[in-house]
Structures are given as C-alpha cells and as structure tokens.
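Raw contents of upload.tsv, TSV, C-alpha atoms:
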```tsv
chain	number	residue	atom	x	y	z
A	27	MET	CA	-107.17	127.17	-13.20
A	28	LYS	CA	-110.31	125.87	-14.83
A	29	PRO	CA	-112.61	128.54	-16.22
A	30	ILE	CA	-115.42	129.72	-13.96
A	31	THR	CA	-118.80	129.04	-15.51
A	32	VAL	CA	-121.69	131.47	-15.34
A	33	GLN	CA	-125.36	130.76	-14.83
A	34	LYS	CA	-127.77	133.41	-16.09
A	35	ILE	CA	-131.25	133.51	-14.60
A	36	ASP	CA	-134.11	135.75	-15.70
A	37	LEU	CA	-136.35	136.33	-12.67
A	38	ASN	CA	-138.75	138.56	-14.63
A	39	LEU	CA	-140.75	140.84	-12.32
A	40	ILE	CA	-139.91	140.05	-8.70
A	41	ASP	CA	-140.21	141.61	-5.23
A	42	TYR	CA	-137.03	143.23	-3.97
A	43	ILE	CA	-136.91	141.13	-0.79
A	44	GLU	CA	-137.48	137.90	-2.68
A	45	ALA	CA	-134.64	138.67	-5.08
A	46	PHE	CA	-132.45	139.72	-2.15
A	47	GLU	CA	-133.07	136.38	-0.42
A	48	ILE	CA	-132.08	134.60	-3.65
A	49	GLN	CA	-128.88	136.65	-3.80
A	50	LYS	CA	-128.06	135.92	-0.16
A	51	LYS	CA	-128.60	132.19	-0.67
A	52	ILE	CA	-126.32	132.14	-3.72
A	53	VAL	CA	-123.61	134.14	-1.92
A	54	SER	CA	-123.69	131.82	1.08
A	55	ASP	CA	-123.62	128.75	-1.17
A	56	MET	CA	-120.56	130.22	-2.91
A	57	ILE	CA	-118.83	130.95	0.42
A	58	ASN	CA	-119.57	127.41	1.63
A	59	GLY	CA	-118.26	125.96	-1.61
A	60	ASN	CA	-121.62	124.43	-2.51
A	61	ILE	CA	-121.58	126.23	-5.83
A	62	GLU	CA	-118.48	127.20	-7.76
A	63	HIS	CA	-119.99	129.07	-10.69
A	64	ASP	CA	-120.91	132.73	-10.85
A	65	THR	CA	-124.54	133.75	-11.32
A	66	ILE	CA	-126.14	136.65	-13.11
A	67	LEU	CA	-129.69	137.52	-12.12
A	68	ILE	CA	-131.60	139.76	-14.49
A	69	LEU	CA	-134.96	141.15	-13.50
A	70	GLU	CA	-137.32	144.02	-12.83
A	71	HIS	CA	-138.59	144.90	-9.36
A	72	HIS	CA	-142.03	145.79	-8.15
A	73	PRO	CA	-142.00	149.43	-6.96
A	74	VAL	CA	-139.68	149.86	-3.95
A	75	PHE	CA	-137.30	152.38	-2.41
A	76	THR	CA	-134.01	151.04	-1.08
A	77	LEU	CA	-131.50	152.69	1.22
A	78	GLY	CA	-127.73	152.23	1.02
A	79	LYS	CA	-125.80	150.86	4.00
A	80	ARG	CA	-125.26	154.35	5.27
A	81	GLY	CA	-128.86	155.23	4.79
A	82	GLY	CA	-130.49	157.93	2.77
A	83	ARG	CA	-133.83	158.12	4.60
A	84	ASP	CA	-133.16	161.85	5.01
A	85	ASN	CA	-133.29	162.09	1.22
A	86	LEU	CA	-136.89	160.93	1.17
A	87	ILE	CA	-138.87	164.06	0.41
A	88	VAL	CA	-142.38	162.70	0.98
A	89	SER	CA	-143.68	161.12	4.19
A	90	GLU	CA	-143.48	157.41	4.82
A	91	GLU	CA	-147.29	157.46	5.25
A	92	PHE	CA	-147.56	158.79	1.71
A	93	LEU	CA	-145.48	155.87	0.42
A	94	LYS	CA	-147.58	153.46	2.46
A	95	SER	CA	-150.68	154.84	0.80
A	96	ARG	CA	-149.06	154.01	-2.53
A	97	ASP	CA	-148.11	150.57	-1.24
A	98	ILE	CA	-144.37	151.19	-1.76
A	99	ALA	CA	-141.96	149.87	0.87
A	100	ILE	CA	-138.59	151.34	1.95
A	101	ILE	CA	-135.95	148.71	2.49
A	102	GLN	CA	-132.59	149.02	4.24
A	103	THR	CA	-129.80	147.29	2.29
A	104	GLU	CA	-126.08	146.63	2.76
A	105	ARG	CA	-125.01	147.99	-0.61
A	106	GLY	CA	-122.99	151.11	-1.29
A	107	GLY	CA	-124.70	154.31	-2.34
A	108	ASN	CA	-127.74	156.19	-1.05
A	109	ILE	CA	-131.52	156.01	-1.56
A	110	THR	CA	-132.88	154.87	-4.90
A	111	TYR	CA	-136.08	153.65	-6.51
A	112	HIS	CA	-136.73	150.45	-8.44
A	113	GLY	CA	-139.84	149.67	-10.42
A	114	PRO	CA	-141.19	147.90	-13.48
A	115	GLY	CA	-139.55	149.25	-16.63
A	116	GLN	CA	-136.11	149.40	-15.04
A	117	VAL	CA	-133.79	146.50	-15.85
A	118	VAL	CA	-131.72	145.30	-12.91
A	119	ILE	CA	-128.72	143.01	-13.15
A	120	TYR	CA	-127.26	141.35	-10.07
A	121	PRO	CA	-123.94	139.77	-11.05
A	122	ILE	CA	-123.06	137.46	-8.15
A	123	VAL	CA	-119.44	137.07	-9.01
A	124	ASN	CA	-116.36	135.91	-7.15
A	125	ILE	CA	-114.32	138.96	-8.11
A	126	GLU	CA	-111.45	137.84	-5.86
A	127	LYS	CA	-111.11	134.57	-7.77
A	128	ARG	CA	-111.39	136.42	-11.06
A	129	ARG	CA	-108.87	139.03	-9.86
A	130	LEU	CA	-111.16	141.93	-10.59
A	131	GLY	CA	-110.73	145.04	-8.45
A	132	VAL	CA	-113.84	146.52	-6.85
A	133	SER	CA	-113.45	149.93	-8.49
A	134	ASP	CA	-112.77	148.29	-11.87
A	135	PHE	CA	-115.88	146.16	-11.44
A	136	VAL	CA	-117.98	149.27	-10.71
A	137	CYS	CA	-116.59	150.83	-13.91
A	138	SER	CA	-117.42	147.68	-15.89
A	139	LEU	CA	-121.04	147.91	-14.79
A	140	GLU	CA	-121.19	151.55	-15.81
A	141	LYS	CA	-119.61	150.77	-19.15
A	142	THR	CA	-122.14	147.98	-19.70
A	143	MET	CA	-124.97	150.52	-19.32
A	144	ILE	CA	-123.26	153.13	-21.54
A	145	ARG	CA	-122.78	150.67	-24.41
A	146	THR	CA	-126.33	149.39	-24.04
A	147	ALA	CA	-127.71	152.94	-24.10
A	148	SER	CA	-125.67	153.61	-27.21
A	149	ASP	CA	-127.29	150.63	-28.95
A	150	PHE	CA	-130.62	152.41	-28.50
A	151	GLY	CA	-129.28	155.75	-29.73
A	152	VAL	CA	-128.71	157.34	-26.30
A	153	THR	CA	-125.35	158.89	-25.50
A	154	ALA	CA	-124.51	158.37	-21.85
A	155	VAL	CA	-121.37	159.08	-19.85
A	156	THR	CA	-119.90	158.52	-16.41
A	157	ASP	CA	-119.15	161.36	-14.06
A	158	SER	CA	-115.89	161.52	-12.13
A	159	LYS	CA	-117.57	162.79	-8.98
A	160	ASN	CA	-120.77	160.77	-9.00
A	161	ASN	CA	-120.89	157.16	-10.03
A	162	GLY	CA	-123.66	155.96	-12.24
A	163	VAL	CA	-124.50	156.75	-15.82
A	164	TRP	CA	-125.75	160.10	-17.01
A	165	VAL	CA	-127.10	161.74	-20.16
A	166	LYS	CA	-126.73	165.35	-21.27
A	167	SER	CA	-126.72	167.90	-18.52
A	168	TYR	CA	-127.18	165.73	-15.51
A	169	SER	CA	-130.07	163.41	-15.97
A	170	LYS	CA	-129.40	160.05	-14.42
A	171	LEU	CA	-130.07	156.99	-16.55
A	172	GLY	CA	-128.55	154.20	-14.49
A	173	SER	CA	-127.18	153.40	-11.05
A	174	VAL	CA	-124.65	151.06	-9.46
A	175	GLY	CA	-124.44	149.74	-5.89
A	176	LEU	CA	-122.44	146.74	-4.71
A	177	SER	CA	-121.67	144.71	-1.59
A	178	ILE	CA	-118.52	142.59	-1.33
A	179	LYS	CA	-118.52	139.61	1.03
A	180	ARG	CA	-115.59	137.15	1.17
A	181	GLY	CA	-114.51	138.33	-2.27
A	182	ILE	CA	-117.98	137.86	-3.77
A	183	SER	CA	-119.77	140.84	-5.28
A	184	PHE	CA	-123.56	141.09	-5.18
A	185	HIS	CA	-126.23	143.73	-5.79
A	186	GLY	CA	-125.45	145.40	-9.13
A	187	LEU	CA	-126.80	147.83	-11.70
A	188	ALA	CA	-130.17	149.35	-12.57
A	189	LEU	CA	-130.87	150.87	-15.98
A	190	ASN	CA	-134.01	152.94	-16.55
A	191	VAL	CA	-135.74	151.77	-19.71
A	192	ASN	CA	-139.38	152.85	-19.69
A	193	LEU	CA	-140.42	153.14	-16.07
A	194	ASP	CA	-142.67	155.77	-14.55
A	195	LEU	CA	-140.14	158.33	-13.30
A	196	THR	CA	-142.57	160.02	-10.87
A	197	PRO	CA	-141.41	158.13	-7.75
A	198	PHE	CA	-137.88	159.53	-8.24
A	199	SER	CA	-139.36	162.96	-7.61
A	200	TRP	CA	-140.21	161.80	-4.08
A	201	ILE	CA	-136.51	161.43	-3.20
A	202	ASN	CA	-133.15	163.08	-3.77
A	203	PRO	CA	-131.81	160.17	-5.82
A	204	CYS	CA	-128.39	158.96	-4.58
A	205	GLY	CA	-128.57	161.64	-1.90
A	206	MET	CA	-128.22	164.53	-4.36
A	207	ALA	CA	-130.70	167.35	-4.65
A	208	ASN	CA	-131.74	168.64	-8.08
A	209	VAL	CA	-130.95	165.44	-9.89
A	210	ALA	CA	-133.27	164.71	-12.78
A	211	MET	CA	-133.86	161.10	-13.67
A	212	THR	CA	-134.40	159.87	-17.17
A	213	SER	CA	-134.93	156.63	-19.07
A	214	LEU	CA	-134.02	155.29	-22.50
A	215	GLU	CA	-137.58	155.78	-23.73
A	216	ASN	CA	-137.73	159.28	-22.26
A	217	GLU	CA	-134.62	160.16	-24.28
A	218	ILE	CA	-135.57	158.75	-27.66
A	219	LYS	CA	-139.38	159.03	-27.41
A	220	GLN	CA	-139.88	155.57	-28.87
A	221	HIS	CA	-141.03	152.31	-27.35
A	222	ILE	CA	-138.24	149.96	-26.32
A	223	GLU	CA	-138.77	146.33	-25.49
A	224	ILE	CA	-137.40	145.28	-22.10
A	225	LYS	CA	-136.34	141.95	-23.57
A	226	ARG	CA	-134.00	143.65	-26.04
A	227	VAL	CA	-132.41	145.74	-23.29
A	228	LYS	CA	-131.81	142.64	-21.20
A	229	GLU	CA	-130.10	140.93	-24.14
A	230	LYS	CA	-127.90	143.94	-24.84
A	231	LEU	CA	-126.91	144.37	-21.19
A	232	LEU	CA	-125.89	140.72	-20.88
A	233	TYR	CA	-124.02	140.90	-24.18
A	234	HIS	CA	-122.01	144.00	-23.24
A	235	PHE	CA	-121.36	142.79	-19.70
A	236	LYS	CA	-119.83	139.64	-21.17
A	237	GLU	CA	-117.83	141.61	-23.75
A	238	ILE	CA	-116.42	143.87	-21.05
A	239	THR	CA	-115.82	141.44	-18.19
A	240	GLY	CA	-115.76	138.03	-19.85
A	241	ILE	CA	-118.48	136.98	-17.38
B	18	MET	CA	-104.81	148.96	-10.63
B	19	LYS	CA	-101.17	148.74	-9.57
B	20	GLU	CA	-98.90	146.00	-10.88
B	21	ILE	CA	-97.81	143.58	-8.18
B	22	THR	CA	-94.26	144.98	-8.41
B	23	GLU	CA	-95.60	148.47	-7.67
B	24	LEU	CA	-97.28	147.48	-4.41
B	25	ASN	CA	-95.95	148.79	-1.14
B	26	LEU	CA	-95.73	145.66	1.02
B	27	PRO	CA	-93.60	146.17	4.14
B	28	GLU	CA	-91.45	143.29	5.41
B	29	ASP	CA	-92.27	143.68	9.09
B	30	ILE	CA	-95.97	142.81	8.93
B	31	LYS	CA	-98.03	139.74	8.07
B	32	TYR	CA	-100.74	139.48	5.42
B	33	SER	CA	-104.04	137.60	5.26
B	34	ASP	CA	-105.50	136.01	2.13
B	35	SER	CA	-108.32	138.56	2.33
B	36	HIS	CA	-105.77	141.43	2.17
B	37	GLU	CA	-105.67	142.65	5.75
B	38	TRP	CA	-102.31	143.18	7.49
B	39	ALA	CA	-101.30	142.57	11.09
B	40	LYS	CA	-98.40	144.15	12.95
B	41	VAL	CA	-97.43	142.68	16.29
B	42	ASP	CA	-96.19	144.68	19.25
B	43	ALA	CA	-96.14	142.32	22.25
B	44	GLU	CA	-99.79	141.30	22.82
B	45	ILE	CA	-101.22	144.23	20.84
B	46	ILE	CA	-101.81	143.64	17.14
B	47	THR	CA	-102.52	146.55	14.82
B	48	ILE	CA	-104.71	145.70	11.83
B	49	GLY	CA	-105.51	147.46	8.58
B	50	ILE	CA	-106.00	146.72	4.90
B	51	ASP	CA	-102.96	146.50	2.68
B	52	ASP	CA	-101.86	148.42	-0.39
B	53	TYR	CA	-103.32	145.81	-2.73
B	54	ALA	CA	-106.74	146.09	-1.06
B	55	GLN	CA	-106.86	149.89	-0.94
B	56	ASP	CA	-105.74	150.07	-4.57
B	57	GLN	CA	-108.35	147.67	-5.90
B	58	LEU	CA	-111.12	149.25	-3.79
B	59	GLY	CA	-110.46	152.73	-5.08
B	60	GLU	CA	-111.24	155.87	-3.10
B	61	VAL	CA	-112.43	154.96	0.38
B	62	VAL	CA	-115.32	157.17	1.49
B	63	PHE	CA	-116.31	155.53	4.77
B	64	VAL	CA	-114.95	153.00	7.25
B	65	GLU	CA	-117.37	151.22	9.56
B	66	LEU	CA	-115.53	150.45	12.81
B	67	PRO	CA	-116.31	147.92	15.57
B	68	GLU	CA	-117.01	148.83	19.19
B	69	VAL	CA	-114.03	148.93	21.52
B	70	GLY	CA	-114.34	145.84	23.70
B	71	ALA	CA	-115.75	143.64	20.94
B	72	ALA	CA	-114.45	140.07	21.10
B	73	LEU	CA	-113.34	138.77	17.72
B	74	SER	CA	-112.24	135.39	16.43
B	75	LYS	CA	-109.86	135.05	13.53
B	76	GLY	CA	-111.78	135.46	10.27
B	77	ASP	CA	-114.67	137.39	11.83
B	78	GLN	CA	-115.95	140.44	10.01
B	79	PHE	CA	-115.02	143.50	12.07
B	80	GLY	CA	-116.22	146.29	9.85
B	81	THR	CA	-116.75	147.48	6.31
B	82	VAL	CA	-114.89	149.76	3.96
B	83	GLU	CA	-117.07	151.74	1.58
B	84	SER	CA	-115.46	152.84	-1.64
B	85	VAL	CA	-117.45	154.68	-4.26
B	86	LYS	CA	-120.69	152.68	-4.63
B	87	ALA	CA	-119.36	149.48	-3.04
B	88	VAL	CA	-119.38	148.25	0.54
B	89	SER	CA	-116.70	145.62	1.28
B	90	GLU	CA	-116.48	143.58	4.46
B	91	ILE	CA	-113.15	143.36	6.31
B	92	TYR	CA	-112.02	140.44	8.47
B	93	THR	CA	-109.69	140.12	11.44
B	94	PRO	CA	-106.57	138.04	10.84
B	95	VAL	CA	-106.17	137.26	14.58
B	96	SER	CA	-108.45	136.61	17.57
B	97	GLY	CA	-108.77	138.93	20.56
B	98	GLU	CA	-110.48	141.96	21.99
B	99	VAL	CA	-110.71	145.29	20.17
B	100	VAL	CA	-108.85	147.75	22.44
B	101	GLU	CA	-108.70	150.74	20.12
B	102	VAL	CA	-110.14	151.93	16.81
B	103	ASN	CA	-108.62	154.61	14.62
B	104	ALA	CA	-110.60	157.68	15.68
B	105	ASN	CA	-109.35	159.67	12.68
B	106	LEU	CA	-111.05	157.47	10.10
B	107	PRO	CA	-114.62	158.82	10.49
B	108	ASP	CA	-113.43	162.25	9.38
B	109	ALA	CA	-110.61	161.14	7.13
B	110	PRO	CA	-111.39	157.74	5.56
B	111	GLU	CA	-108.92	158.56	2.76
B	112	LEU	CA	-106.10	157.76	5.22
B	113	VAL	CA	-106.77	154.12	4.35
B	114	ASN	CA	-105.74	154.93	0.76
B	115	ASN	CA	-102.96	157.39	1.45
B	116	SER	CA	-101.29	155.70	4.38
B	117	PRO	CA	-102.55	152.12	4.69
B	118	TYR	CA	-99.86	150.98	7.14
B	119	ASP	CA	-99.45	154.07	9.30
B	120	GLU	CA	-102.15	156.71	9.70
B	121	GLY	CA	-104.70	154.48	7.97
B	122	TRP	CA	-104.57	151.60	10.48
B	123	ILE	CA	-108.08	150.46	11.44
B	124	ILE	CA	-108.16	148.60	14.77
B	125	LYS	CA	-105.89	147.35	17.57
B	126	ILE	CA	-106.57	143.99	19.08
B	127	LYS	CA	-105.30	142.54	22.36
B	128	ALA	CA	-104.69	138.85	22.06
B	129	ASP	CA	-105.44	137.04	25.30
B	130	ASP	CA	-104.00	133.67	24.36
B	131	PRO	CA	-100.31	133.83	23.35
B	132	SER	CA	-100.18	130.31	21.95
B	133	LEU	CA	-103.31	130.89	19.86
B	134	LEU	CA	-101.84	134.18	18.65
B	135	ALA	CA	-98.60	132.46	17.68
B	136	SER	CA	-100.42	129.84	15.66
B	137	GLU	CA	-102.71	132.41	14.01
B	138	LEU	CA	-99.75	134.59	13.05
B	139	ASN	CA	-98.07	131.51	11.68
B	140	ASP	CA	-101.06	131.02	9.35
B	141	LEU	CA	-100.60	134.51	7.91
B	142	LYS	CA	-98.26	135.22	5.03
B	143	ASP	CA	-94.98	137.09	5.00
B	144	LYS	CA	-94.29	139.45	2.11
B	145	ALA	CA	-92.78	136.79	-0.16
B	146	ALA	CA	-95.60	134.30	0.37
B	147	TYR	CA	-98.20	137.05	-0.04
B	148	ILE	CA	-96.70	138.18	-3.34
B	149	ALA	CA	-96.62	134.56	-4.50
B	150	MET	CA	-100.34	134.30	-3.68
B	151	LEU	CA	-101.12	137.52	-5.56
B	152	LYS	CA	-99.25	136.22	-8.57
B	153	GLY	CA	-101.35	133.05	-8.37
```
Write-out of the structure in structure tokens:
Amino acid sequence: MKPITVQKIDLNLIDYIEAFEIQKKIVSDMINGNIEHDTILILEHHPVFTLGKRGGRDNLIVSEEFLKSRDIAIIQTERGGNITYHGPGQVVIYPIVNIEKRRLGVSDFVCSLEKTMIRTASDFGVTAVTDSKNNGVWVKSYSKLGSVGLSIKRGISFHGLALNVNLDLTPFSWINPCGMANVAMTSLENEIKQHIEIKRVKEKLLYHFKEITGI
Amino acid sequence: MKEITELNLPEDIKYSDSHEWAKVDAEIITIGIDDYAQDQLGEVVFVELPEVGAALSKGDQFGTVESVKAVSEIYTPVSGEVVEVNANLPDAPELVNNSPYDEGWIIKIKADDPSLLASELNDLKDKAAYIAMLKG
C-alpha cells in the first residue's frame, strides 16, 4: 500500500460555519475518491458556542438573547460531546483522516489527540493529564485545558481538538462546559502567567500529532 | 485494541466492509456492529436508532453509535424496511460492547425482494473473507 500523504492547511482565524463547510467538502471529496490524501486544518475560530450531536443547550446558563447581544452564535454539530466554546486564542486542529484506511481505532484516535495536547502543554511547562471518566485534557484539580470531539463518516474522522492557549475564558462561565457543572476552564497562559505565541503552539501541536500518529 | 485472532466472529453471520453484521432468518435480517467495530470504538454511550418503517437501501446510514467523544455513522448491509429496533439500547447502549451479536443487536430489517436480498448477502463476507480483509 502506498503511503497516504497529508496536506496541512492553516486557515488562521475563521468562522465556525465556514471551516465546517470546508471540512464537509473535504470529507465528501474523500468519500467520492476525488482526493486520496488526508488533510489537517489548523485554525482559530471567531467566538461561537457549539452543541454536540446529542445537544447540550440545557447546559447554556445564560439566555440566548444575552449571547445574541454579544454577537455569539450557537451552532448544532454532529460531533460527539456536549456544549463547548471556541474563540480567538484557542488553537483548533481538524484532522480529516481516513482512520479506516490507516487502521486506527476511534478510541485510540481520541487518545492520540489528547496525548498531542498533553505533550504540547508540557513543552510550555504545563502538566496536563487525561481523566478516565471525562475525555479531554485537564490540569491540576479539574481545570480543563483542551477538548476533543469527533465525527466518523465512511471511515473518515473529522472535527478534532481544541487547546486553550490565551483566550478570554469568560464565555465558558456562561455554560457548563461538556455538560458538567462546576468545571473550571483554563489556558496555557493562565497556567504559566506568560505570553505564548499562537504560532508556536500550532507548530508544537502539529509536531506531536505527527510523532504520535505518523500523520 | 484486540488482535485479529482475539476477535469473536461467529460463523453463521455475514460481515460488511464497514463492520456491520447481518444474520438471516427467512426474510428478516438482524443487523448490528461486530466485535471489531465495538472494540475499536471503545465504550458505547449512545445509539441513535432509525424509525420503525424506514425504508433503507444497502449502504444507507441507519443510525449512529456514539462512543466517548466520537459519533460514528452505521450503514445497513442489506435493503429493506426497518421492522424492529432494539428497545433496550437507549437505556443500555453498553450492550453493543458486551454482547454485539445477541443482546446488542441494533435493527431488524424485512427484505421485500428475495433475489435482491440474495445478491446483497452474496456481496457480504463470511468469517474467513472478513478476517482476510482485516488482515489486509
């Protein structure tokens, strides 16, 4: 079998819906056989709340009118997991990968994404761990640093991971992140109290993802 | 993940390339996901089921299986009408992991065209061919 090539695209700061349409187009091109390579999108989103396939609207603590006044949309998605927030200062990676062809199990792939965030955090002096009950990446006594949510269609994984670097954490206080009450959110900068360049985090995430998965 | 030799793959059912199984009893076909699929998904936390009465063509998506933080589509290996869904799965999705071929079945389909059914079943893999595919 010839090796599967990987295209990496930095979309910079992009609307959630626009990035989602790009993902959908790539997935459908892969299913139709129009493209054979895997793609990694790396980006930040404009402020947005997204719901998992099974919802999470009940975990929105503020009113939708309040969010409207802040010009923040709530978007229903098909990924796993519950409600979450994306915004500038959070690095998102969408690996659009034919995990079936690469013989990667779904649960293993979720773990690889978590491990990618843990190793990246470590590069910036932040010790993060996984939790057996709640996926995602955590520091100290239950502050969440990064999240994972995937969809699998015809063996192709899309959606991905989100690592908090230096975003404004306030919007997380308007929800029960991931559907859990009393969860504190944190970011790399919040942990080390030093400025971190987004560009460096992107490089580290891509490096560790490749080290861990070969992709 | 389990080694291929550790997988529980019964002889009396047929397997699809996308890891669903089909068991035929006259014109009723019971469908679920196989041991390979449940193992690589990890702990199943939710199964999205179709409506009874839904008409499906081979290869159609008929639901999703949500494991921790991932939603995976599942596809029917044969065409027909959904006549029953496993009513235990909403409360006990873990049956898909613990008993993929018995208590963890997902839907039952009634095939209305015997010759189409025969040809669709013929396209599915028996245990030996399925293992060969898994081994690549």
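For chain B, the residues within 7 Å of chain A are Gln57, Leu58, Gly59, Glu83, Lys86, Ala87, Val88, Ser89 and Glu90 of chain B, with only C-alpha atoms used to measure distance.
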Do you know which residues lie at most 12 Å from (-99.7, 149.5, -10.9), with coordinates as in the file and only C-alpha atoms counted, and could you write them as a list in words? Met18, Lys19, Glu20, Ile21, Thr22, Glu23, Leu24, Asn25, Asp52, Tyr53, Asp56 and Gln57 of chain B
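Residue nearest Glu90 of chain A within the list A:Ile201, A:Val118, A:Leu231, A:Ile241: A:Ile201 [criterion: smallest interatomic distance, only C-alpha atoms].
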What is the distance, in Å and to one decimal place, between atom CA of Lys127 of chain B and atom CA of Asp29 of chain B? 18.6 Å
Nearby residues (all atoms listed in the file) at most 12 Å from Ser132 of chain B, same-chain spacing under 5 positions excluded, as a PyMOL selection string: chain B and resi 44+95-96+137-139
Store the residues picked out above in a file with C-alpha atoms, as a PDB file, in the frame of the given file.
```pdb
ATOM      1  CA  GLU B  44     -99.790 141.300  22.820  1.00  0.00           C
ATOM      2  CA  VAL B  95    -106.170 137.260  14.580  1.00  0.00           C
ATOM      3  CA  SER B  96    -108.450 136.610  17.570  1.00  0.00           C
ATOM      4  CA  GLU B 137    -102.710 132.410  14.010  1.00  0.00           C
ATOM      5  CA  LEU B 138     -99.750 134.590  13.050  1.00  0.00           C
ATOM      6  CA  ASN B 139     -98.070 131.510  11.680  1.00  0.00           C
TER       7      ASN B 139
END
```
I'd like the neighbourhood of Gly205 of chain A as a ChimeraX atom specification, where a residue qualifies if any of its atoms comes within 9 Å (using only C-alpha atoms), though same-chain residues fewer than 6 positions away should be ignored. /A:82,84-86,107-110
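Shortest atom-to-atom contact with Leu139 of chain A among A:Met206, A:Ile224, A:Ile119, A:Ile125: A:Ile119, counting all atoms listed in the file.
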Might you pull out every residue within 12 Å of segment 116-119 of chain B, with only C-alpha atoms counted and same-chain residues fewer than 2 positions away left off, and present them as JSON, numbers by chain? {"B": [24, 25, 26, 27, 28, 29, 30, 31, 32, 36, 37, 38, 39, 40, 47, 48, 49, 50, 51, 52, 53, 54, 55, 56, 61, 103, 105, 106, 109, 110, 111, 112, 113, 114, 121, 122, 123, 124]}
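As for atom CA of Val53 of chain A and atom CA of Val85 of chain B, they are spaced 21.6 Å apart.
Using only C-alpha atoms, the contacts of Ser169 of chain A at a cut-off of 7 Å, with sequence neighbours closer than 2 positions omitted, comprise Trp164, Val165, Lys166, Ser167, Leu171, Val209, Ala210, Met211 and Thr212 of chain A.
In this model, the gap between atom CA of Asn58 of chain A and atom CA of Ala45 of chain A comes to 20.0 Å.
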I need every residue sitting at most 8 Å from the point (-99.0, 132.8, 4.7) (coordinates as in the file, only C-alpha atoms considered), written as an NGL selection string. :B and (31-34 or 139-143 or 146-147)
Extending 3 Å beyond the listed atoms of segment 54-63 of chain B on each side, what axis-aligned box results? I want centre and edge lengths in Å to one decimal, as lines of an AutoDock Vina configuration file.
```
center_x = -111.0
center_y = 151.6
center_z = -0.6
size_x = 16.6
size_y = 17.1
size_z = 16.7
```
Applying 10 Å and all atoms listed in the file, which residues near segment 151-156 of chain A remain after dropping the ones on its own chain fewer than 6 positions away? List them as an NGL selection string. :A and (137 or 140-141 or 143-145 or 162-166 or 168-172 or 213-215 or 217-218)
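Distance annotation: of A:Thr65, A:Phe235, A:Tyr111, A:Val191, the residue with the minimal separation from Lys51 of chain A is A:Thr65; atom set is all atoms listed in the file.
Using only C-alpha atoms, the nearest neighbour of Gly153 of chain B within the list A:Arg128, A:Lys50, A:Ile35, A:Ser89 is A:Arg128.
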Reconstruct N, CA and C atoms of segment 108-126 of chain B; output as a compact mmCIF listing (two decimals), in the coordinates of the input.
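out.txt written:
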```txt
# COMPACT_ATOMS: atom_id res chain seq x y z
N ASP B 108 -113.57 160.97 10.08
CA ASP B 108 -113.43 162.25 9.38
C ASP B 108 -112.50 162.18 8.18
N ALA B 109 -111.61 161.20 8.19
CA ALA B 109 -110.61 161.14 7.13
C ALA B 109 -110.42 159.70 6.64
N PRO B 110 -111.50 159.13 6.02
CA PRO B 110 -111.39 157.74 5.56
C PRO B 110 -110.31 157.55 4.50
N GLU B 111 -109.93 158.66 3.83
CA GLU B 111 -108.92 158.56 2.76
C GLU B 111 -107.55 158.16 3.30
N LEU B 112 -107.37 158.22 4.64
CA LEU B 112 -106.10 157.76 5.22
C LEU B 112 -105.84 156.30 4.87
N VAL B 113 -106.92 155.53 4.71
CA VAL B 113 -106.77 154.12 4.35
C VAL B 113 -106.10 153.99 2.97
N ASN B 114 -106.40 154.92 2.08
CA ASN B 114 -105.74 154.93 0.76
C ASN B 114 -104.33 155.51 0.83
N ASN B 115 -104.22 156.63 1.53
CA ASN B 115 -102.96 157.39 1.45
C ASN B 115 -101.87 156.84 2.35
N SER B 116 -102.28 156.16 3.41
CA SER B 116 -101.29 155.70 4.38
C SER B 116 -101.77 154.39 5.02
N PRO B 117 -101.88 153.33 4.19
CA PRO B 117 -102.55 152.12 4.69
C PRO B 117 -101.87 151.46 5.90
N TYR B 118 -100.56 151.68 6.05
CA TYR B 118 -99.86 150.98 7.14
C TYR B 118 -99.58 151.88 8.34
N ASP B 119 -99.77 153.17 8.19
CA ASP B 119 -99.45 154.07 9.30
C ASP B 119 -100.72 154.77 9.78
N GLU B 120 -100.97 155.95 9.23
CA GLU B 120 -102.15 156.71 9.70
C GLU B 120 -103.47 156.03 9.37
N GLY B 121 -103.45 155.12 8.39
CA GLY B 121 -104.70 154.48 7.97
C GLY B 121 -104.96 153.14 8.64
N TRP B 122 -104.25 152.84 9.75
CA TRP B 122 -104.57 151.60 10.48
C TRP B 122 -106.04 151.63 10.91
N ILE B 123 -106.63 150.46 11.16
CA ILE B 123 -108.08 150.46 11.44
C ILE B 123 -108.39 150.09 12.90
N ILE B 124 -107.89 148.95 13.37
CA ILE B 124 -108.16 148.60 14.77
C ILE B 124 -106.90 148.04 15.44
N LYS B 125 -106.91 148.05 16.78
CA LYS B 125 -105.89 147.35 17.57
C LYS B 125 -106.59 146.29 18.40
N ILE B 126 -105.99 145.13 18.37
CA ILE B 126 -106.57 143.99 19.08
C ILE B 126 -105.60 143.53 20.15
```
